[in-house]
Amino acid sequence: MAAYIAGRLIALVPVLFGLSLIVFTIMALIPGDPATAILGSYATPENVERLNRELGLDRSLPVQYATWLGNVVAGDLGQSTSLNRPVLDEVMERFPATLILAGAALVLASVLGLLAGIVSAVRQYGLADKLVTLAVLVGISMPSFWLGLLLILAFSVRLKVLPVSGMYAIYGGGDAADLLRHLVLPATTLAIVAAGIIARLTRSAMLEVLRQDFIRTARAKGLPERRVVFVHALRAALVTVIPVIGVQAGFVLGGAVYIETVFQWPGIGRMLVDAISTRDILLVQGGVLVVAASYVLLNLVADVLQRLMDPRIGA
Amino acid sequence: MRGFAALLRRVMRNRLAAAGLVLLAAILLVAVLAPVLPLADPNATDPVRRLKPPFTDGALLGTDALGRDLLSRLIWGARLSLAVGIAASLLAALIGSAIGLVAGYAGRWTDTVLMRGIDTLMAFPYLLLALAVVAALGPGLLNALYAVVIVNIPFFARTVRGVTAGLRSREFVDAARLSGKGEARILLTEVLPNVTPVIVITLSTTVGWMILETAGLSFLGLGSQPPEADLGSMLGEGRKVLINAPHVAAVPGLLVFLIVISLNLIGDGVRDALDPRLRAGVPGRPGAVTRVRRPAARAGGPASGDALLAVADLRTAFETPHGPVDAVKGVSVSVRRGECLGIIGESGSGKSVTALSIGRLVASPPGVITGGSVRFDGEDLLAAPPGVLRRLRGGRIAYVFQDPLTTLHPLMRVGDQVAEAIRAHRPMARAAATAEAARLFAAVRLPDQETIGSAYPHELSGGQRQRVSIAMALANDPDLVIADEPTTALDVTVQAEILDLLDGLRRDRGLAVIFISHDFGVIARLCDRVAVMLKGEIVEEGPAAAVLAEPRHPYTRKLVAAVPIPGRARDILAAPVEGGAR
Amino acid sequence: MTPVPAPASTDAPAVEVRDLVKVHPARFRLFGPRRPPVRALRGVSLRVEEGETLGIIGESGSGKTTLARCLVGLTRPTSGAIAIGGRSLQDLGAGGPRAVAQAVQYVFQDPQSSLNPRHPVRRTLDAPLRFLAGLPADARETRARDLLEAVGLDRGFLDRYPHELSGGQAQRVGIARALAAGARVIVLDEPVSALDVSVQAQVLRLLAELRRTLGLTYLFISHDLAVVEAIAHRAIVLRAGEVVEEGAPDVLLRRPTHPYTRRLVASIPLLAAR
């Protein structure tokens, strides 16, 4: 197992390399001149040229990439032009808020999705199954940014039970209860779609497994039906569901961009949207890189979990 | 085109999908007709008439913050959103499928290089990559489209590559190669037609998302730029006046929701219609016991005498969309203690269904027992409650199935699987059950009985796996073992070993055995009596040696004559060539 | 049935294999256990005369399928030589893959999976007639009908799809496809083991008759000694990539000399055992 994890960790190197290459390439492709964008169109050519030199934009692309990558590895993501502070500081300050939001949503989505999917499969064609199927359909068709607005209207504007926006706890402005109150609406909104996808997949995986030969064997052994469904079938179904939860982590991290915008959540998603509109390239680069790298690690965890459950993988 | 019409018919049969299709068609129609409909200018501002609520005179859905007519903007916005979303889907499907086809078919380094690239794209959290692309290209609807395309290419590439790689190793591809077809021709005429349904399914299940994503980017202000507005940017504008005029955001959001839900309904319908596994209707979840639906009349039936198991007039059917199909049509057999009964038949004869019906293990739905009785030690199993059946299964009646690779749980250690069978019937500590399992492994002559229990099924050979199955069957000292083609998946030499083992065990333990096989030699080796099945009925029954030596029924005669007997195998060539009717 | 390019020399055997070796190379993985090289064939030599049927007997892992695939050029051997009608497979292959397919054809074990599920029988037969026999479109239709007739199927089968065929019918189509190329040598890889016993006998009869009337040469691969005895003039026993015994099938059955053949013969469940 240790060898497997070590192997997977080393295998991450090319992925992270590719990731950095893509991030860099995308930013290098930006049309127009970042220095002009930063200094405004009234900047003198001398100033533009000086800034270009400071940013290293006057050198060849491979050199730029090598320099950039060296800096990234050393922990230097550059200086944000719009905020006038190191990108790493800004990213690290905002990332916990996104992690809290996305983590809460993922946990919520997994619990809801797995439960709904299992109930739905066990009671196939029953009332519970029909309700779950309908809820899943609505959930995965719902634009989350719209759902967020509707929830704000219902719970904050009309009922006034939950705050519209603003989350300050992690910056020392409130306690855990305050954080939780602020977390309820955005985390729920973010979880809905992922829960729907997980529920749908769990249902179909369970139904598929329940038709397999080894389930018949379990019944032929005289096992109680509880054990057949919740041990034999669920165990085999989880092997297909867990990687999907890993993929959902990516959807949730990405979807956080909408939710942070809607709920004014001080996370990295909002930072990215702002940075794109101010053309703060280094901030976009740094933010995307950090989130993508953490997503890669998350998928590694999902892979290891799957490997623990399925001895056939990598044997 | 004929295929499309047929697909449409099948999709329309699904009520939900039909509803989605009608809804989408209506939205599309209005969007397409936007230029000729009597609509206000969507971009005409009127500061006097700002934020009017719905149902205001002259503005059915009210107006937005600049006094523009919401209905008109909604229809024009929907037109834009649909156009961009559908274009993005088609582009992503085209590029992604092409990558997947080439990678999957070429294999080797082409595959490695292409798929590493795709993997790297997938290493980005979904929307984040789209953001990065828009960041690079700058905000704008066309750039949002490119972003959505790039983000969705990996889904198509991966799915199509998986299917293609599976098809590449199929024998019909080799056959096409031997028929003189070149690689490009094989890819286009042999592989692609088999991949197309998968592409259509993926497309129909992802087009909704892509419309959502385009709208989302516009919502963030990164897609369509004013004055041009799609549904997403309308929603974004509405958000600014959410508290005073909620309808400005609610209405475009609702339309996005309706478009996406209709697409998802259609997508599910297309998937169900194209998935070959679902051709015969979506199968239900098989229950713990086969349903019994027999005429209530004769509950008694004749006493079974000294037979351990007496099956009388058993009828089992499978429900299909075209009505029930009878698989077993009135089978009567009995087995005494310590006796071995062989049931022989060709594929489709109903021999396996008969065997499974005894323990009510026929998958149900679609299986249903429609008549007869199964008396085990005097008790009618067809009337027994599930609890009684559960205690009998694996207790006094044990099963051994055909392919032990699929019939053992792939993720559980074989020792645990046997220990579990023991503990289901005899409460004992886990350690005691494990020790008992090791003793059983010794009884079926598995090597390393102490350690082999910690192996997973895929780590054992076919013969070893079947020995594990037999150990599991013996776990609770059964009276009757029902073995359904237990040696068919094995090599001849391994088969001989397993048959020897079964024969020895049954004599030592006084087991009654029902042995299902298509192989006369195997039956002759093991069984006292044999019943010959044809199309759900027993056509001949008697002592095994007698039936095989002097078959009476014409079908049995034909079968026996077709078996090549070593030493005079050429006899089977004596008869003239018949047509291929069967 | 069709004129076939005459063998280079009349006394050359229909098939000659010398010292054929196939090693599936080790699979190197960056991590985890690496798969050692698999020696599927360890120097197999055999010779089949024109019009003869050679039985090749082996269990799983014996290398029989690898041998079969090498013979038709689907797998490239590591070393050794194969000659069909006196011409080496390499020479034939130099003239393009079609030249090999015109000389030697293949019948697959699983008839269903060897037919494209989305093509009707007509299309399946059309490819070899077009690319290998080089017939114009109208001649192909007639020829396809003749071929179906030769394997005992009526012309109605031309429009059937594989899922509308029984196992025996599908295998007859597979045989017709192999015949369509006009090859004189046919490699049959377990062609009857997926079939019911009554259908198996019919297909064996058909194969025997086709060989007689068309003067074909068969390499018939099977795990079943009795089936080989029914159809083959001579047989070899393959084990772990090596030929362990060779002889007339009935002699192999009655007086096996190699211990493995003895075990194989003893393992056959006999119909008239008691």
# chains A, B, ... in the order shown; residues from 1 in each chain; ligands from 1
>>> residues_around(residues="stretch 251-257 of chain A", least_positions_apart="4", cutoff="7 Å", atoms="only C-alpha atoms", output="NGL selection string")
(:A and (102 or 106 or 190 or 247 or 261 or 269-270)) or (:B and (125-128))
>>> write_last_selection(atoms="C-alpha atoms", output="short mmCIF file (atom, residue, chain, number, x, y, z; two decimals), in the first residue's frame")
data_model
loop_
_atom_site.label_atom_id
_atom_site.label_comp_id
_atom_site.auth_asym_id
_atom_site.auth_seq_id
_atom_site.Cartn_x
_atom_site.Cartn_y
_atom_site.Cartn_z
CA ALA A 102 -16.46 23.27 -0.77
CA LEU A 106 -18.97 17.84 -0.61
CA LEU A 190 -23.44 24.13 -3.80
CA VAL A 247 -14.75 14.07 -9.64
CA THR A 261 -20.21 35.50 -6.07
CA GLY A 269 -13.56 31.97 -6.58
CA ARG A 270 -14.63 35.54 -6.14
CA PRO B 125 -11.55 21.55 -11.30
CA TYR B 126 -14.17 21.85 -13.95
CA LEU B 127 -15.23 25.49 -14.01
CA LEU B 128 -11.79 26.71 -13.05
#
>>> residues_around(residues="stretch 231-244 of chain C", least_positions_apart="2", cutoff="6 Å", atoms="only C-alpha atoms", output="JSON list (two decimals) with all heavy atoms, in the first residue's frame")
[["chain", "number", "residue", "atom", "x", "y", "z"],
["C", 40, "ALA", "N", 5.03, -17.39, -24.97],
["C", 40, "ALA", "CA", 3.81, -18.07, -25.38],
["C", 40, "ALA", "C", 4.13, -19.24, -26.32],
["C", 40, "ALA", "O", 3.46, -20.27, -26.26],
["C", 40, "ALA", "CB", 2.87, -17.08, -26.07],
["C", 41, "LEU", "N", 5.11, -19.08, -27.17],
["C", 41, "LEU", "CA", 5.53, -20.17, -28.06],
["C", 41, "LEU", "C", 7.03, -20.34, -27.90],
["C", 41, "LEU", "O", 7.78, -19.37, -27.99],
["C", 41, "LEU", "CB", 5.20, -19.84, -29.52],
["C", 41, "LEU", "CG", 3.72, -19.70, -29.87],
["C", 41, "LEU", "CD1", 3.56, -19.23, -31.31],
["C", 41, "LEU", "CD2", 2.97, -21.00, -29.66],
["C", 42, "ARG", "N", 7.48, -21.57, -27.67],
["C", 42, "ARG", "CA", 8.92, -21.78, -27.43],
["C", 42, "ARG", "C", 9.51, -22.69, -28.48],
["C", 42, "ARG", "O", 10.01, -23.76, -28.18],
["C", 42, "ARG", "CB", 9.13, -22.45, -26.08],
["C", 42, "ARG", "CG", 8.38, -21.79, -24.96],
["C", 42, "ARG", "CD", 8.42, -22.70, -23.74],
["C", 42, "ARG", "NE", 7.77, -22.04, -22.63],
["C", 42, "ARG", "CZ", 8.32, -21.89, -21.44],
["C", 42, "ARG", "NH1", 9.51, -22.39, -21.19],
["C", 42, "ARG", "NH2", 7.67, -21.29, -20.48],
["C", 44, "VAL", "N", 8.02, -23.76, -31.97],
["C", 44, "VAL", "CA", 7.06, -24.73, -32.51],
["C", 44, "VAL", "C", 7.38, -24.95, -33.99],
["C", 44, "VAL", "O", 7.56, -23.98, -34.73],
["C", 44, "VAL", "CB", 5.62, -24.21, -32.35],
["C", 44, "VAL", "CG1", 4.64, -25.09, -33.11],
["C", 44, "VAL", "CG2", 5.24, -24.14, -30.87],
["C", 53, "THR", "N", -5.75, -32.18, -42.75],
["C", 53, "THR", "CA", -6.22, -31.45, -41.58],
["C", 53, "THR", "C", -5.32, -31.80, -40.41],
["C", 53, "THR", "O", -5.19, -32.97, -40.03],
["C", 53, "THR", "CB", -7.67, -31.83, -41.23],
["C", 53, "THR", "OG1", -8.51, -31.47, -42.32],
["C", 53, "THR", "CG2", -8.13, -31.10, -39.98],
["C", 54, "LEU", "N", -4.69, -30.76, -39.85],
["C", 54, "LEU", "CA", -3.85, -30.98, -38.69],
["C", 54, "LEU", "C", -4.61, -30.51, -37.46],
["C", 54, "LEU", "O", -5.06, -29.37, -37.39],
["C", 54, "LEU", "CB", -2.54, -30.19, -38.81],
["C", 54, "LEU", "CG", -1.64, -30.28, -37.57],
["C", 54, "LEU", "CD1", -0.97, -31.65, -37.49],
["C", 54, "LEU", "CD2", -0.60, -29.17, -37.56],
["C", 55, "GLY", "N", -4.77, -31.39, -36.48],
["C", 55, "GLY", "CA", -5.38, -30.99, -35.22],
["C", 55, "GLY", "C", -4.32, -30.43, -34.29],
["C", 55, "GLY", "O", -3.22, -30.96, -34.21],
["C", 56, "ILE", "N", -4.64, -29.36, -33.61],
["C", 56, "ILE", "CA", -3.71, -28.78, -32.62],
["C", 56, "ILE", "C", -4.44, -28.79, -31.29],
["C", 56, "ILE", "O", -5.45, -28.10, -31.12],
["C", 56, "ILE", "CB", -3.28, -27.36, -33.01],
["C", 56, "ILE", "CG1", -2.58, -27.40, -34.39],
["C", 56, "ILE", "CG2", -2.38, -26.76, -31.96],
["C", 56, "ILE", "CD1", -2.28, -26.03, -34.95],
["C", 57, "ILE", "N", -3.95, -29.63, -30.37],
["C", 57, "ILE", "CA", -4.66, -29.83, -29.11],
["C", 57, "ILE", "C", -3.93, -29.08, -28.00],
["C", 57, "ILE", "O", -2.71, -29.16, -27.88],
["C", 57, "ILE", "CB", -4.70, -31.34, -28.77],
["C", 57, "ILE", "CG1", -5.45, -32.09, -29.88],
["C", 57, "ILE", "CG2", -5.36, -31.57, -27.42],
["C", 57, "ILE", "CD1", -5.11, -33.56, -29.91],
["C", 58, "GLY", "N", -4.67, -28.34, -27.20],
["C", 58, "GLY", "CA", -4.04, -27.65, -26.09],
["C", 58, "GLY", "C", -5.07, -27.10, -25.14],
["C", 58, "GLY", "O", -6.22, -26.85, -25.53],
["C", 62, "SER", "N", -1.69, -22.88, -23.43],
["C", 62, "SER", "CA", -0.79, -23.73, -24.19],
["C", 62, "SER", "C", -0.11, -22.98, -25.33],
["C", 62, "SER", "O", 0.86, -23.44, -25.89],
["C", 62, "SER", "CB", -1.54, -24.94, -24.75],
["C", 62, "SER", "OG", -2.53, -24.49, -25.65],
["C", 63, "GLY", "N", -0.68, -21.82, -25.70],
["C", 63, "GLY", "CA", -0.11, -21.05, -26.80],
["C", 63, "GLY", "C", -0.81, -21.31, -28.12],
["C", 63, "GLY", "O", -0.40, -20.80, -29.15],
["C", 228, "VAL", "N", -11.08, -33.41, -32.23],
["C", 228, "VAL", "CA", -9.94, -33.44, -33.14],
["C", 228, "VAL", "C", -9.87, -34.79, -33.86],
["C", 228, "VAL", "O", -9.63, -34.85, -35.06],
["C", 228, "VAL", "CB", -8.63, -33.16, -32.37],
["C", 228, "VAL", "CG1", -7.42, -33.48, -33.22],
["C", 228, "VAL", "CG2", -8.60, -31.70, -31.93],
["C", 229, "GLU", "N", -10.15, -35.84, -33.11],
["C", 229, "GLU", "CA", -10.13, -37.15, -33.74],
["C", 229, "GLU", "C", -11.15, -37.23, -34.88],
["C", 229, "GLU", "O", -10.90, -37.82, -35.92],
["C", 229, "GLU", "CB", -10.42, -38.24, -32.70],
["C", 229, "GLU", "CG", -10.24, -39.64, -33.28],
["C", 229, "GLU", "CD", -11.06, -40.70, -32.56],
["C", 229, "GLU", "OE1", -11.37, -40.49, -31.37],
["C", 229, "GLU", "OE2", -11.39, -41.71, -33.19],
["C", 246, "GLU", "N", 3.10, -35.86, -31.18],
["C", 246, "GLU", "CA", 2.49, -35.74, -32.49],
["C", 246, "GLU", "C", 2.13, -37.13, -32.97],
["C", 246, "GLU", "O", 2.81, -38.11, -32.68],
["C", 246, "GLU", "CB", 3.50, -35.09, -33.46],
["C", 246, "GLU", "CG", 2.95, -34.95, -34.85],
["C", 246, "GLU", "CD", 3.94, -34.31, -35.81],
["C", 246, "GLU", "OE1", 4.97, -33.81, -35.34],
["C", 246, "GLU", "OE2", 3.67, -34.35, -37.02],
["C", 247, "GLY", "N", 1.02, -37.23, -33.71],
["C", 247, "GLY", "CA", 0.65, -38.53, -34.24],
["C", 247, "GLY", "C", -0.77, -38.54, -34.77],
["C", 247, "GLY", "O", -1.44, -37.51, -34.77],
["C", 248, "ALA", "N", -1.22, -39.68, -35.22],
["C", 248, "ALA", "CA", -2.61, -39.82, -35.63],
["C", 248, "ALA", "C", -3.49, -39.71, -34.38],
["C", 248, "ALA", "O", -3.13, -40.25, -33.34],
["C", 248, "ALA", "CB", -2.83, -41.16, -36.32],
["C", 249, "PRO", "N", -4.63, -39.02, -34.48],
["C", 249, "PRO", "CA", -5.42, -38.76, -33.29],
["C", 249, "PRO", "C", -5.83, -40.04, -32.55],
["C", 249, "PRO", "O", -5.78, -40.09, -31.32],
["C", 249, "PRO", "CB", -6.65, -38.04, -33.83],
["C", 249, "PRO", "CG", -6.25, -37.51, -35.15],
["C", 249, "PRO", "CD", -5.18, -38.38, -35.68]]
>>> interface_residues(of="chain A", to="chain C", cutoff="10 Å", atoms="only C-alpha atoms", output="compact mmCIF listing (two decimals) with C-alpha atoms, in the first residue's frame")
# COMPACT_ATOMS: atom_id res chain seq x y z
CA MET A 1 0.00 0.00 0.00
CA ALA A 3 4.47 1.57 -2.36
CA TYR A 4 1.22 2.25 -4.17
CA ILE A 5 0.81 5.65 -2.54
CA ALA A 6 4.44 6.52 -3.18
CA GLY A 7 4.00 5.47 -6.79
CA ARG A 8 0.91 7.59 -7.16
CA ILE A 10 5.54 10.31 -8.02
CA ALA A 11 3.09 9.89 -10.88
CA GLY A 314 -3.02 -2.28 -9.62
CA ALA A 315 -2.53 -5.91 -8.71
>>> residues_around(residues="A:Ala302", least_positions_apart="2", cutoff="7 Å", atoms="only C-alpha atoms", output="list in words")
Ile242, Pro243, Gly246, Leu298, Asn299, Leu300, Val304, Leu305 and Gln306 of chain A
>>> interface_residues(of="chain B", to="chain C", cutoff="7 Å", atoms="only C-alpha atoms", output="PyMOL selection string")
chain B and resi 170-172+175+178-181+190+193-194+346-347+491-493+496+520-522+524-525+545+559+562-567+569-570+572-573+577-580+582
>>> interface_residues(of="chain B", to="chain A", cutoff="7 Å", atoms="only C-alpha atoms", output="ChimeraX atom specification")
/B:120,123-128,133,135-137,212,253,257,260-261,285-286,288,361,390-394,398-399,406-409,411,421,424
>>> atom_distance(atom1="atom CA of B:Arg161", atom2="atom CA of B:Asp268")
21.8 Å
>>> select_by_dssp(residues="stretch 61-122 of chain C", states="strand (DSSP E)", output="list in words")
Ser79, Gly80, Ala81, Ile82, Ala83, Ile84, Arg87, Ser88, Val104, Gln105, Tyr106 and Val107 of chain C
>>> residues_around(residues="A:Val132", least_positions_apart="3", cutoff="10 Å", atoms="only C-alpha atoms", output="list in words")
Gly113, Ala116, Gly117, Val119, Ser120, Ala121, Leu127, Ala128, Asp129, Ala135, Val136, Leu137, Val138, Gly196, Ala199, Arg200 and Arg203 of chain A
>>> atom_distance(atom1="atom CA of A:Leu77", atom2="atom CA of A:Gly286")
5.9 Å
>>> atom_distance(atom1="atom CA of B:Gly62", atom2="atom CA of B:Leu242")
14.2 Å
>>> residues_around(residues="C:Val48", least_positions_apart="3", cutoff="7 Å", atoms="only C-alpha atoms", output="mmCIF file with N, CA and C atoms, in the first residue's frame")
data_model
loop_
_atom_site.group_PDB
_atom_site.id
_atom_site.type_symbol
_atom_site.label_atom_id
_atom_site.label_comp_id
_atom_site.auth_asym_id
_atom_site.auth_seq_id
_atom_site.Cartn_x
_atom_site.Cartn_y
_atom_site.Cartn_z
ATOM 1 N N PRO C 13 4.877 -28.025 -48.893
ATOM 2 C CA PRO C 13 3.727 -28.290 -48.030
ATOM 3 C C PRO C 13 2.813 -27.065 -47.984
ATOM 4 N N ALA C 14 1.534 -27.304 -47.664
ATOM 5 C CA ALA C 14 0.585 -26.187 -47.610
ATOM 6 C C ALA C 14 0.999 -25.194 -46.538
ATOM 7 N N VAL C 15 1.438 -25.724 -45.403
ATOM 8 C CA VAL C 15 1.891 -24.860 -44.319
ATOM 9 C C VAL C 15 3.157 -25.461 -43.737
ATOM 10 N N GLU C 16 4.144 -24.622 -43.540
ATOM 11 C CA GLU C 16 5.332 -25.100 -42.853
ATOM 12 C C GLU C 16 5.742 -24.049 -41.823
ATOM 13 N N GLU C 52 -4.631 -31.700 -46.163
ATOM 14 C CA GLU C 52 -4.595 -32.393 -44.877
ATOM 15 C C GLU C 52 -5.257 -31.540 -43.796
ATOM 16 N N LEU C 54 -4.690 -30.763 -39.854
ATOM 17 C CA LEU C 54 -3.846 -30.980 -38.687
ATOM 18 C C LEU C 54 -4.608 -30.507 -37.457
#
>>> residues_around(residues="B:Lys351", least_positions_apart="5", cutoff="8 Å", atoms="only C-alpha atoms", output="NGL selection string")
:B and (343-345 or 516 or 533 or 536)
>>> residues_around(residues="A:Asn71", least_positions_apart="5", cutoff="12 Å", atoms="only C-alpha atoms", output="PDB file with C-alpha atoms, in the first residue's frame")
ATOM      1  CA  SER A  20       1.657  24.398 -14.666  1.00  0.00           C
ATOM      2  CA  GLN A  64       9.731  33.037 -18.902  1.00  0.00           C
ATOM      3  CA  TYR A  65       8.241  29.659 -18.083  1.00  0.00           C
ATOM      4  CA  ALA A  66      11.393  28.360 -16.461  1.00  0.00           C
ATOM      5  CA  ASP A  76       6.884  32.925  -5.043  1.00  0.00           C
ATOM      6  CA  LEU A  77       3.742  33.405  -7.125  1.00  0.00           C
ATOM      7  CA  GLY A  78       4.607  37.008  -7.881  1.00  0.00           C
ATOM      8  CA  GLN A  79       3.013  40.270  -6.932  1.00  0.00           C
ATOM      9  CA  VAL A  87      -0.179  36.606  -4.750  1.00  0.00           C
ATOM     10  CA  LEU A  88       0.632  33.767  -2.367  1.00  0.00           C
ATOM     11  CA  GLY A 286      -1.633  31.672  -8.708  1.00  0.00           C
TER      12      GLY A 286
END
